[in-house]
>>> print(open('data.txt').read())   # compact mmCIF, C-alpha atoms and all ligand atoms
# COMPACT_ATOMS: atom_id res chain seq x y z
CA MET R 1 151.36 96.71 119.51
CA SER R 2 148.81 97.59 122.15
CA ALA R 3 149.19 101.26 121.25
CA LEU R 4 148.25 100.38 117.66
CA MET R 5 145.23 98.40 118.83
CA SER R 6 143.94 101.26 120.90
CA ARG R 7 144.41 103.67 117.97
CA TRP R 8 142.33 101.39 115.83
CA LYS R 9 139.67 101.16 118.52
CA SER R 10 139.59 104.91 118.87
CA LEU R 11 139.00 105.43 115.11
CA PRO R 12 135.40 106.53 114.68
CA LEU R 13 133.22 103.95 113.06
CA LYS R 14 132.15 106.30 110.29
CA TRP R 15 135.77 106.64 109.10
CA LEU R 16 136.03 102.88 108.81
CA ALA R 17 132.77 102.77 106.90
CA LEU R 18 134.04 105.47 104.55
CA LEU R 19 137.31 103.58 104.01
CA GLY R 20 135.31 100.44 103.21
CA ALA R 21 133.13 102.30 100.73
CA VAL R 22 136.11 103.88 98.94
CA THR R 23 137.92 100.52 98.65
CA GLY R 24 134.73 98.89 97.41
CA ALA R 25 134.21 101.58 94.78
CA ALA R 26 137.82 101.29 93.61
CA LEU R 27 137.55 97.50 93.26
CA PHE R 28 134.25 97.87 91.46
CA SER R 29 135.74 100.29 88.94
CA VAL R 30 138.71 97.96 88.33
CA TRP R 31 136.23 95.15 87.74
CA LEU R 32 134.15 97.35 85.42
CA SER R 33 137.17 98.39 83.37
CA HIS R 34 138.33 94.75 83.14
CA ARG R 35 134.89 93.79 81.89
CA SER R 36 134.72 96.53 79.29
CA LEU R 37 138.30 95.87 78.07
CA ALA R 38 137.50 92.16 77.87
CA ALA R 39 134.36 92.83 75.84
CA GLU R 40 136.21 95.24 73.55
CA LEU R 41 139.07 92.79 73.03
CA ILE R 42 136.70 90.05 71.91
CA ARG R 43 134.56 92.30 69.73
CA SER R 44 137.24 94.34 68.00
CA GLU R 45 138.20 93.94 64.37
CA PRO R 46 141.74 92.41 64.38
CA SER R 47 143.36 95.33 62.54
CA ALA R 48 141.70 97.93 64.81
CA LEU R 49 142.59 95.95 67.91
CA LEU R 50 146.29 95.85 67.05
CA LYS R 51 146.33 99.63 66.69
CA ASN R 52 144.96 100.10 70.21
CA PRO R 53 147.88 99.99 72.70
CA ALA R 54 145.60 99.79 75.76
CA LEU R 55 143.83 96.71 74.36
CA VAL R 56 147.10 95.07 73.33
CA ALA R 57 148.55 95.66 76.81
CA PHE R 58 145.40 94.21 78.37
CA ALA R 59 145.63 91.15 76.09
CA LEU R 60 149.26 90.55 77.03
CA ARG R 61 148.41 90.62 80.74
CA GLN R 62 145.58 88.12 80.19
CA ALA R 63 147.71 85.85 77.99
CA ALA R 64 150.72 85.35 80.26
CA PRO R 65 149.14 83.00 82.84
CA VAL R 66 147.15 81.14 80.15
CA TYR R 67 150.34 80.52 78.18
CA GLY R 68 152.03 79.30 81.35
CA GLU R 69 149.25 76.84 82.06
CA HIS R 70 148.39 75.56 78.58
CA CYS R 71 151.33 76.08 76.23
CA ALA R 72 154.62 76.36 78.11
CA ASN R 73 154.91 72.64 78.86
CA CYS R 74 155.37 72.00 75.12
CA HIS R 75 156.49 75.32 73.63
CA GLY R 76 158.76 76.16 76.53
CA VAL R 77 159.23 79.42 78.34
CA MET R 78 162.39 80.19 76.43
CA PRO R 79 162.28 81.78 72.98
CA GLU R 80 163.95 78.78 71.36
CA GLY R 81 161.07 76.33 71.38
CA LYS R 82 162.06 72.71 71.91
CA PRO R 83 163.66 71.33 68.75
CA LYS R 84 164.46 67.97 70.38
CA ALA R 85 160.76 67.53 71.10
CA GLY R 86 159.72 68.75 67.65
CA VAL R 87 157.99 71.87 68.96
CA PRO R 88 158.63 75.12 67.14
CA SER R 89 159.49 78.43 68.74
CA LEU R 90 156.53 80.79 68.93
CA VAL R 91 158.63 83.92 69.05
CA ASP R 92 160.81 83.67 65.96
CA SER R 93 159.81 85.30 62.71
CA SER R 94 159.26 81.96 61.01
CA TRP R 95 155.68 80.69 60.89
CA LEU R 96 154.40 77.45 59.40
CA TYR R 97 151.07 78.98 58.50
CA SER R 98 150.75 82.71 59.02
CA ASN R 99 151.04 85.09 61.91
CA ASP R 100 147.94 87.08 61.17
CA LEU R 101 145.61 87.21 64.13
CA VAL R 102 142.81 85.14 62.62
CA SER R 103 145.17 82.36 61.60
CA LEU R 104 146.81 82.28 65.03
CA GLU R 105 143.41 82.16 66.70
CA GLN R 106 142.49 79.20 64.56
CA ILE R 107 145.59 77.31 65.72
CA VAL R 108 145.03 78.22 69.38
CA LEU R 109 141.45 76.95 69.10
CA TYR R 110 141.74 73.89 66.89
CA GLY R 111 145.45 73.02 66.84
CA ILE R 112 147.42 71.29 64.10
CA ARG R 113 146.73 67.63 63.18
CA SER R 114 144.83 67.49 66.47
CA GLY R 115 141.99 65.35 65.18
CA HIS R 116 139.61 68.29 65.52
CA PRO R 117 137.81 68.57 62.16
CA ARG R 118 138.76 72.24 61.88
CA SER R 119 142.46 71.82 62.68
CA HIS R 120 145.14 72.22 60.03
CA ASN R 121 145.77 68.85 58.46
CA LEU R 122 146.49 69.18 54.78
CA ALA R 123 149.92 67.60 54.52
CA ASP R 124 152.31 65.42 56.49
CA MET R 125 156.01 64.87 55.96
CA PRO R 126 156.00 61.42 54.33
CA ALA R 127 158.45 58.73 55.49
CA LEU R 128 160.13 58.74 52.08
CA GLY R 129 162.89 56.35 53.17
CA ARG R 130 160.75 53.82 54.94
CA LEU R 131 158.18 53.92 52.16
CA GLY R 132 160.98 53.06 49.72
CA VAL R 133 160.45 56.13 47.54
CA ILE R 134 164.16 56.97 47.84
CA ASN R 135 167.05 54.91 49.24
CA ASP R 136 169.63 55.86 51.89
CA GLU R 137 172.20 57.05 49.31
CA GLN R 138 169.64 59.32 47.74
CA ILE R 139 168.53 60.61 51.14
CA GLU R 140 172.16 61.41 51.91
CA ASP R 141 172.38 63.43 48.66
CA ILE R 142 169.21 65.32 49.54
CA VAL R 143 170.48 66.00 53.07
CA GLN R 144 173.61 67.55 51.54
CA TYR R 145 171.40 69.70 49.31
CA VAL R 146 169.28 70.89 52.26
CA LEU R 147 172.45 71.63 54.28
CA ASN R 148 173.66 73.65 51.31
CA ILE R 149 170.50 75.71 50.73
CA SER R 150 170.19 76.46 54.46
CA GLY R 151 173.66 77.96 54.48
CA GLN R 152 175.49 75.09 56.20
CA ARG R 153 178.61 73.15 55.17
CA ALA R 154 177.84 70.54 52.53
CA ASP R 155 179.47 68.23 49.97
CA ALA R 156 178.99 70.13 46.70
CA ALA R 157 178.88 67.11 44.38
CA ARG R 158 176.35 65.25 46.51
CA ALA R 159 174.31 68.46 46.96
CA GLU R 160 174.01 68.71 43.17
CA GLN R 161 172.70 65.12 43.02
CA GLY R 162 170.35 66.05 45.85
CA ARG R 163 169.06 69.08 43.99
CA GLN R 164 167.97 66.86 41.12
CA LEU R 165 166.19 64.50 43.50
CA PHE R 166 164.56 67.46 45.27
CA TYR R 167 162.88 68.51 42.03
CA GLY R 168 162.56 64.95 40.73
CA LYS R 169 161.95 61.65 42.45
CA GLY R 170 161.75 63.13 45.97
CA ASN R 171 159.00 65.51 44.95
CA CYS R 172 160.06 67.83 47.77
CA TYR R 173 159.32 71.02 45.85
CA ASP R 174 155.68 69.98 45.54
CA CYS R 175 155.09 70.52 49.26
CA HIS R 176 157.98 72.77 50.34
CA GLY R 177 157.67 75.09 47.34
CA GLY R 178 159.76 75.62 44.22
CA ASP R 179 161.98 78.00 46.20
CA ALA R 180 162.02 75.64 49.24
CA ARG R 181 160.71 78.46 51.43
CA GLY R 182 157.69 76.49 52.65
CA VAL R 183 154.05 76.82 51.63
CA SER R 184 151.78 78.35 54.25
CA GLU R 185 148.61 76.65 52.95
CA TYR R 186 150.15 73.25 53.76
CA GLY R 187 152.09 74.37 56.83
CA THR R 188 155.36 73.13 55.37
CA PRO R 189 158.50 74.60 56.90
CA SER R 190 161.07 76.61 54.99
CA LEU R 191 164.20 74.57 54.28
CA VAL R 192 166.36 77.63 53.56
CA ALA R 193 165.82 79.79 56.69
CA ASN R 194 167.95 77.56 58.95
CA VAL R 195 165.16 77.67 61.56
CA TRP R 196 163.96 74.15 62.37
CA ILE R 197 161.23 72.30 64.18
CA TYR R 198 163.20 69.05 64.46
CA GLY R 199 166.77 70.27 63.97
CA GLY R 200 168.85 71.20 60.94
CA ASP R 201 171.93 69.07 61.63
CA HIS R 202 172.78 66.14 59.36
CA ASP R 203 171.14 63.41 61.46
CA SER R 204 167.93 65.32 62.19
CA LEU R 205 167.50 66.11 58.49
CA PHE R 206 168.19 62.49 57.55
CA SER R 207 165.60 61.31 60.05
CA SER R 208 162.96 63.85 58.91
CA ILE R 209 163.31 62.62 55.33
CA ALA R 210 163.69 58.89 56.05
CA ASN R 211 161.04 58.52 58.77
CA GLY R 212 158.62 61.40 58.18
CA ARG R 213 157.21 63.85 60.75
CA HIS R 214 153.74 64.41 62.12
CA GLY R 215 153.80 67.35 64.54
CA LEU R 216 150.66 67.73 66.62
CA CYS R 217 149.44 70.85 68.43
CA PRO R 218 146.35 70.00 70.48
CA SER R 219 142.96 71.66 70.14
CA ARG R 220 141.88 73.97 72.97
CA ALA R 221 138.34 74.59 71.74
CA GLN R 222 136.95 72.86 74.86
CA THR R 223 139.20 74.43 77.47
CA LEU R 224 139.85 78.09 76.68
CA THR R 225 137.39 80.99 76.80
CA PRO R 226 137.06 83.34 73.79
CA LEU R 227 138.89 86.00 75.81
CA GLN R 228 141.81 83.64 76.51
CA VAL R 229 142.00 82.54 72.86
CA ARG R 230 142.10 86.08 71.58
CA ALA R 231 144.57 87.23 74.25
CA LEU R 232 146.94 84.38 73.36
CA ALA R 233 146.67 85.10 69.64
CA VAL R 234 147.49 88.77 70.26
CA SER R 235 150.50 87.86 72.38
CA LEU R 236 151.82 85.45 69.72
CA HIS R 237 151.26 88.05 67.04
CA GLN R 238 153.19 90.61 69.12
CA GLY R 239 156.04 88.14 69.54
CA VAL R 240 155.92 88.12 73.34
CA SER R 241 158.26 85.47 74.72
CA HIS R 242 156.67 84.86 78.15
CA SER R 243 160.18 84.15 79.40
CA GLU R 244 159.89 86.50 82.37
C1 LIG R 301 151.35 68.79 73.44
C2 LIG R 301 152.28 69.82 73.06
C3 LIG R 301 151.73 71.18 72.66
C4 LIG R 301 150.94 72.03 73.41
C5 LIG R 301 150.38 71.81 74.80
C6 LIG R 301 150.75 73.21 72.60
N1 LIG R 301 151.39 73.06 71.39
FE1 LIG R 301 151.40 74.43 69.88
N2 LIG R 301 152.48 73.15 68.73
C7 LIG R 301 152.95 71.90 69.14
C8 LIG R 301 153.66 71.29 68.03
C9 LIG R 301 154.32 69.92 68.05
C10 LIG R 301 153.59 72.18 66.96
C11 LIG R 301 154.17 71.99 65.55
C12 LIG R 301 153.14 71.36 64.68
C13 LIG R 301 153.74 71.07 63.32
O1 LIG R 301 154.80 70.48 63.29
O2 LIG R 301 153.10 71.42 62.32
C14 LIG R 301 152.86 73.35 67.44
C15 LIG R 301 152.63 74.48 66.66
C16 LIG R 301 152.02 75.63 67.11
C17 LIG R 301 151.87 76.84 66.35
C18 LIG R 301 152.37 77.09 64.94
C19 LIG R 301 153.80 77.60 65.05
C20 LIG R 301 154.43 78.06 63.78
O3 LIG R 301 155.68 78.14 63.73
O4 LIG R 301 153.74 78.40 62.82
C21 LIG R 301 151.23 77.74 67.15
C22 LIG R 301 150.84 79.15 66.81
C23 LIG R 301 150.98 77.08 68.43
N3 LIG R 301 151.48 75.80 68.37
C24 LIG R 301 150.36 77.67 69.50
C25 LIG R 301 150.12 77.03 70.71
C26 LIG R 301 149.48 77.66 71.83
C27 LIG R 301 149.03 79.11 71.90
C28 LIG R 301 149.37 76.72 72.81
C29 LIG R 301 148.70 76.86 74.16
C30 LIG R 301 147.29 77.17 74.13
C31 LIG R 301 149.96 75.50 72.29
N4 LIG R 301 150.41 75.73 71.03
C32 LIG R 301 150.03 74.32 73.01
C33 LIG R 301 152.77 71.32 70.36
C34 LIG R 301 152.00 71.84 71.40
C1 LIG R 302 153.42 65.56 50.94
C2 LIG R 302 154.13 66.78 51.24
C3 LIG R 302 155.61 66.71 51.51
C4 LIG R 302 156.60 66.20 50.74
C5 LIG R 302 156.48 65.48 49.41
C6 LIG R 302 157.83 66.47 51.42
N1 LIG R 302 157.59 67.14 52.59
FE1 LIG R 302 159.00 67.67 53.97
N2 LIG R 302 157.53 68.24 55.22
C7 LIG R 302 156.18 68.28 54.91
C8 LIG R 302 155.47 68.77 56.06
C9 LIG R 302 153.97 68.98 56.16
C10 LIG R 302 156.43 68.99 57.08
C11 LIG R 302 156.15 69.49 58.49
C12 LIG R 302 155.90 68.28 59.33
C13 LIG R 302 155.65 68.64 60.76
O1 LIG R 302 155.54 69.83 61.06
O2 LIG R 302 155.58 67.73 61.58
C14 LIG R 302 157.72 68.64 56.50
C15 LIG R 302 158.90 68.69 57.22
C16 LIG R 302 160.15 68.51 56.65
C17 LIG R 302 161.40 68.65 57.34
C18 LIG R 302 161.58 69.03 58.80
C19 LIG R 302 161.88 70.51 58.87
C20 LIG R 302 162.11 71.04 60.24
O3 LIG R 302 161.85 72.25 60.43
O4 LIG R 302 162.61 70.33 61.12
C21 LIG R 302 162.40 68.45 56.43
C22 LIG R 302 163.90 68.52 56.67
C23 LIG R 302 161.76 68.14 55.18
N3 LIG R 302 160.38 68.17 55.37
C24 LIG R 302 162.40 67.89 54.00
C25 LIG R 302 161.80 67.36 52.87
C26 LIG R 302 162.51 66.88 51.72
C27 LIG R 302 164.00 67.01 51.53
C28 LIG R 302 161.58 66.34 50.88
C29 LIG R 302 161.82 65.60 49.59
C30 LIG R 302 162.73 64.46 49.70
C31 LIG R 302 160.29 66.53 51.49
N4 LIG R 302 160.45 67.14 52.70
C32 LIG R 302 159.09 66.13 50.94
C33 LIG R 302 155.61 67.92 53.73
C34 LIG R 302 156.25 67.29 52.69
>>> encode(input="data.txt", output="structure tokens")
Amino acid sequence: MSALMSRWKSLPLKWLALLGAVTGAALFSVWLSHRSLAAELIRSEPSALLKNPALVAFALRQAAPVYGEHCANCHGVMPEGKPKAGVPSLVDSSWLYSNDLVSLEQIVLYGIRSGHPRSHNLADMPALGRLGVINDEQIEDIVQYVLNISGQRADAARAEQGRQLFYGKGNCYDCHGGDARGVSEYGTPSLVANVWIYGGDHDSLFSSIANGRHGLCPSRAQTLTPLQVRALAVSLHQGVSHSE
């Protein structure tokens, strides 16, 4: 220990000064490159940005801690999302709206049904049971139809009744699409992909149809910087799970 101390003391002052200068210059150049990457990330055209591996890598590094602080409590750190809480996975290939960068940025900024005037808010899942549009027997038929079209076990006779209600009294096709694959303008989920926000089992489906759903993703327009917004959008677009 004392030998080390005396070695330090014996080091000429000019060597220490040089060491300090080199460290300072290195830190300064790291800071400069961070600044220029940050500026380039914000300025770049989305399609050009995604073709630039250095920028994408930079974005992913920026996004990880922001996701941890602002998104993980709802969307989870695991790829599955949290179906019990009605929060979709952000790393599957199924998107309510679209996974192009601009659309993702809009959600990160303004949210979904958040109350922000620019958030997505075109359609809600109506409480068709509670509103008395269809009764429990009819809901059961429709549930069997949805089980059937999503590739799950279903009662064939009831599913056929359900199909007629889907395109008739239930008006489901109007929002979920004639092919039931969801409509991205309205943010309606696909009912055939067997990927669910609220669960695709019998009881979850029954509850979605009887009681309605109103998923809310909050607006971050006040809390995130433009760099953070863009970095998050890039990481979602790249399908990064943040599960490390
Ligand atoms: C309070 C909980 C909550 C927080 C915090 C939250 N979200 Fe969400 N998010 C939701 C819910 C609920 C939905 C589903 C909305 C719906 O049903 O339409 C959603 C939907 C989304 C979607 C659309 C997913 C799809 O499948 O198309 C994206 C993208 C998204 N959130 C990104 C984020 C990001 C990025 C953050 C962090 C900045 C974040 N969310 C923070 C609850 C949250
Ligand atoms: C006015 C438009 C509208 C109509 C009509 C409508 N839906 Fe929906 N539905 C939505 C929206 C929007 C959502 C997403 C709600 C959310 O994200 O919170 C949804 C969600 C759902 C869900 C939950 C899916 C999941 O991933 O968990 C199911 C199941 C569903 N609808 C089935 C139906 C059926 C069956 C009908 C007809 C009986 C129907 N919907 C009629 C708009 C509609």
>>> closest_atom_pairs(input="data.txt", of="stretch 72-135 of chain R", to="stretch 204-216 of chain R", cutoff="10 Å", atoms="only C-alpha atoms", output="tab-separated table")
residue	atom	partner	partner_atom	distance
R:Pro83	CA	R:Ser204	CA	9.9
R:Lys84	CA	R:Ser204	CA	9.3
R:Ala85	CA	R:Gly215	CA	9.6
R:Gly86	CA	R:Gly215	CA	6.8
R:Val87	CA	R:Gly215	CA	7.6
R:Pro88	CA	R:Gly215	CA	9.5
R:Gly111	CA	R:Leu216	CA	7.4
R:Ile112	CA	R:Leu216	CA	5.4
R:Arg113	CA	R:Leu216	CA	5.2
R:Ser114	CA	R:Leu216	CA	5.8
R:Gly115	CA	R:Leu216	CA	9.1
R:Ser119	CA	R:Leu216	CA	10.0
R:His120	CA	R:Leu216	CA	9.7
R:Asn121	CA	R:Leu216	CA	9.6
R:Ala123	CA	R:His214	CA	9.1
R:Asp124	CA	R:His214	CA	5.9
R:Met125	CA	R:Gly212	CA	4.9
R:Pro126	CA	R:Gly212	CA	4.7
R:Ala127	CA	R:Gly212	CA	3.8
R:Leu128	CA	R:Ala210	CA	5.3
R:Gly129	CA	R:Ala210	CA	3.9
R:Arg130	CA	R:Ala210	CA	6.0
R:Leu131	CA	R:Ala210	CA	8.4
R:Gly132	CA	R:Ala210	CA	9.0
R:Val133	CA	R:Ala210	CA	9.5
R:Ile134	CA	R:Ala210	CA	8.4
R:Asn135	CA	R:Ala210	CA	8.6
>>> write_last_selection(input="data.txt", atoms="C-alpha atoms", output="mmCIF file, in the coordinates of the input")
data_model
loop_
_atom_site.group_PDB
_atom_site.id
_atom_site.type_symbol
_atom_site.label_atom_id
_atom_site.label_comp_id
_atom_site.auth_asym_id
_atom_site.auth_seq_id
_atom_site.Cartn_x
_atom_site.Cartn_y
_atom_site.Cartn_z
ATOM 1 C CA PRO R 83 163.660 71.330 68.750
ATOM 2 C CA LYS R 84 164.460 67.970 70.380
ATOM 3 C CA ALA R 85 160.760 67.530 71.100
ATOM 4 C CA GLY R 86 159.720 68.750 67.650
ATOM 5 C CA VAL R 87 157.990 71.870 68.960
ATOM 6 C CA PRO R 88 158.630 75.120 67.140
ATOM 7 C CA GLY R 111 145.450 73.020 66.840
ATOM 8 C CA ILE R 112 147.420 71.290 64.100
ATOM 9 C CA ARG R 113 146.730 67.630 63.180
ATOM 10 C CA SER R 114 144.830 67.490 66.470
ATOM 11 C CA GLY R 115 141.990 65.350 65.180
ATOM 12 C CA SER R 119 142.460 71.820 62.680
ATOM 13 C CA HIS R 120 145.140 72.220 60.030
ATOM 14 C CA ASN R 121 145.770 68.850 58.460
ATOM 15 C CA ALA R 123 149.920 67.600 54.520
ATOM 16 C CA ASP R 124 152.310 65.420 56.490
ATOM 17 C CA MET R 125 156.010 64.870 55.960
ATOM 18 C CA PRO R 126 156.000 61.420 54.330
ATOM 19 C CA ALA R 127 158.450 58.730 55.490
ATOM 20 C CA LEU R 128 160.130 58.740 52.080
ATOM 21 C CA GLY R 129 162.890 56.350 53.170
ATOM 22 C CA ARG R 130 160.750 53.820 54.940
ATOM 23 C CA LEU R 131 158.180 53.920 52.160
ATOM 24 C CA GLY R 132 160.980 53.060 49.720
ATOM 25 C CA VAL R 133 160.450 56.130 47.540
ATOM 26 C CA ILE R 134 164.160 56.970 47.840
ATOM 27 C CA ASN R 135 167.050 54.910 49.240
#
>>> residues_near_ligand(input="data.txt", ligand="ligand LIG 301 (chain R)", cutoff="9 Å", atoms="all atoms listed in the file", output="PyMOL selection string")
chain R and resi 66-75+85-99+103-109+111-113+120-121+124+184+187-189+197-198+213-220+224+228-229+232-233+235-237
>>> write_last_selection(input="data.txt", atoms="C-alpha atoms", output="tab-separated table (two decimals), in the coordinates of the input")
chain	number	residue	atom	x	y	z
R	66	VAL	CA	147.15	81.14	80.15
R	67	TYR	CA	150.34	80.52	78.18
R	68	GLY	CA	152.03	79.30	81.35
R	69	GLU	CA	149.25	76.84	82.06
R	70	HIS	CA	148.39	75.56	78.58
R	71	CYS	CA	151.33	76.08	76.23
R	72	ALA	CA	154.62	76.36	78.11
R	73	ASN	CA	154.91	72.64	78.86
R	74	CYS	CA	155.37	72.00	75.12
R	75	HIS	CA	156.49	75.32	73.63
R	85	ALA	CA	160.76	67.53	71.10
R	86	GLY	CA	159.72	68.75	67.65
R	87	VAL	CA	157.99	71.87	68.96
R	88	PRO	CA	158.63	75.12	67.14
R	89	SER	CA	159.49	78.43	68.74
R	90	LEU	CA	156.53	80.79	68.93
R	91	VAL	CA	158.63	83.92	69.05
R	92	ASP	CA	160.81	83.67	65.96
R	93	SER	CA	159.81	85.30	62.71
R	94	SER	CA	159.26	81.96	61.01
R	95	TRP	CA	155.68	80.69	60.89
R	96	LEU	CA	154.40	77.45	59.40
R	97	TYR	CA	151.07	78.98	58.50
R	98	SER	CA	150.75	82.71	59.02
R	99	ASN	CA	151.04	85.09	61.91
R	103	SER	CA	145.17	82.36	61.60
R	104	LEU	CA	146.81	82.28	65.03
R	105	GLU	CA	143.41	82.16	66.70
R	106	GLN	CA	142.49	79.20	64.56
R	107	ILE	CA	145.59	77.31	65.72
R	108	VAL	CA	145.03	78.22	69.38
R	109	LEU	CA	141.45	76.95	69.10
R	111	GLY	CA	145.45	73.02	66.84
R	112	ILE	CA	147.42	71.29	64.10
R	113	ARG	CA	146.73	67.63	63.18
R	120	HIS	CA	145.14	72.22	60.03
R	121	ASN	CA	145.77	68.85	58.46
R	124	ASP	CA	152.31	65.42	56.49
R	184	SER	CA	151.78	78.35	54.25
R	187	GLY	CA	152.09	74.37	56.83
R	188	THR	CA	155.36	73.13	55.37
R	189	PRO	CA	158.50	74.60	56.90
R	197	ILE	CA	161.23	72.30	64.18
R	198	TYR	CA	163.20	69.05	64.46
R	213	ARG	CA	157.21	63.85	60.75
R	214	HIS	CA	153.74	64.41	62.12
R	215	GLY	CA	153.80	67.35	64.54
R	216	LEU	CA	150.66	67.73	66.62
R	217	CYS	CA	149.44	70.85	68.43
R	218	PRO	CA	146.35	70.00	70.48
R	219	SER	CA	142.96	71.66	70.14
R	220	ARG	CA	141.88	73.97	72.97
R	224	LEU	CA	139.85	78.09	76.68
R	228	GLN	CA	141.81	83.64	76.51
R	229	VAL	CA	142.00	82.54	72.86
R	232	LEU	CA	146.94	84.38	73.36
R	233	ALA	CA	146.67	85.10	69.64
R	235	SER	CA	150.50	87.86	72.38
R	236	LEU	CA	151.82	85.45	69.72
R	237	HIS	CA	151.26	88.05	67.04
>>> residues_around(input="data.txt", residues="R:Gln138", least_positions_apart="3", cutoff="9 Å", atoms="all atoms listed in the file", output="PyMOL selection string")
chain R and resi 134-135+141-143+161-162+165+170
>>> axis_aligned_box(input="data.txt", around="ligand LIG 302 (chain R)", padding_each_side="8 Å", output="AutoDock Vina command-line options")
--center_x 158.7 --center_y 68.4 --center_z 55.5 --size_x 26.6 --size_y 23.8 --size_z 28.2
>>> atom_distance(input="data.txt", atom1="atom CA of R:Glu160", atom2="atom CA of R:Asn148")
9.5 Å
>>> closest_residue(input="data.txt", among="R:Pro226, R:Gly178, R:Gly168, R:Gly200", to="R:Gln144", atoms="only C-alpha atoms")
R:Gly200
>>> closest_residue(input="data.txt", among="R:Val183, R:Ala193, R:Cys172, R:Leu227", to="ligand LIG 302 (chain R)", atoms="all atoms listed in the file")
R:Cys172
>>> closest_residue(input="data.txt", among="R:Val195, R:Leu41, R:Leu122, R:His202", to="R:Tyr145", atoms="only C-alpha atoms")
R:His202
>>> atom_distance(input="data.txt", atom1="atom CA of R:Val30", atom2="atom CA of R:Val77")
29.4 Å
>>> closest_residue(input="data.txt", among="R:Leu60, R:Leu147, R:Val240, R:Ile42", to="ligand LIG 302 (chain R)", atoms="only C-alpha atoms and all ligand atoms")
R:Leu147
>>> closest_residue(input="data.txt", among="R:Ile139, R:Ala221, R:Leu16, R:Val234", to="ligand LIG 302 (chain R)", atoms="only C-alpha atoms and all ligand atoms")
R:Ile139
>>> closest_residue(input="data.txt", among="R:Glu137, R:Pro65, R:Ala231, R:Leu19", to="R:Pro46", atoms="all atoms listed in the file")
R:Ala231
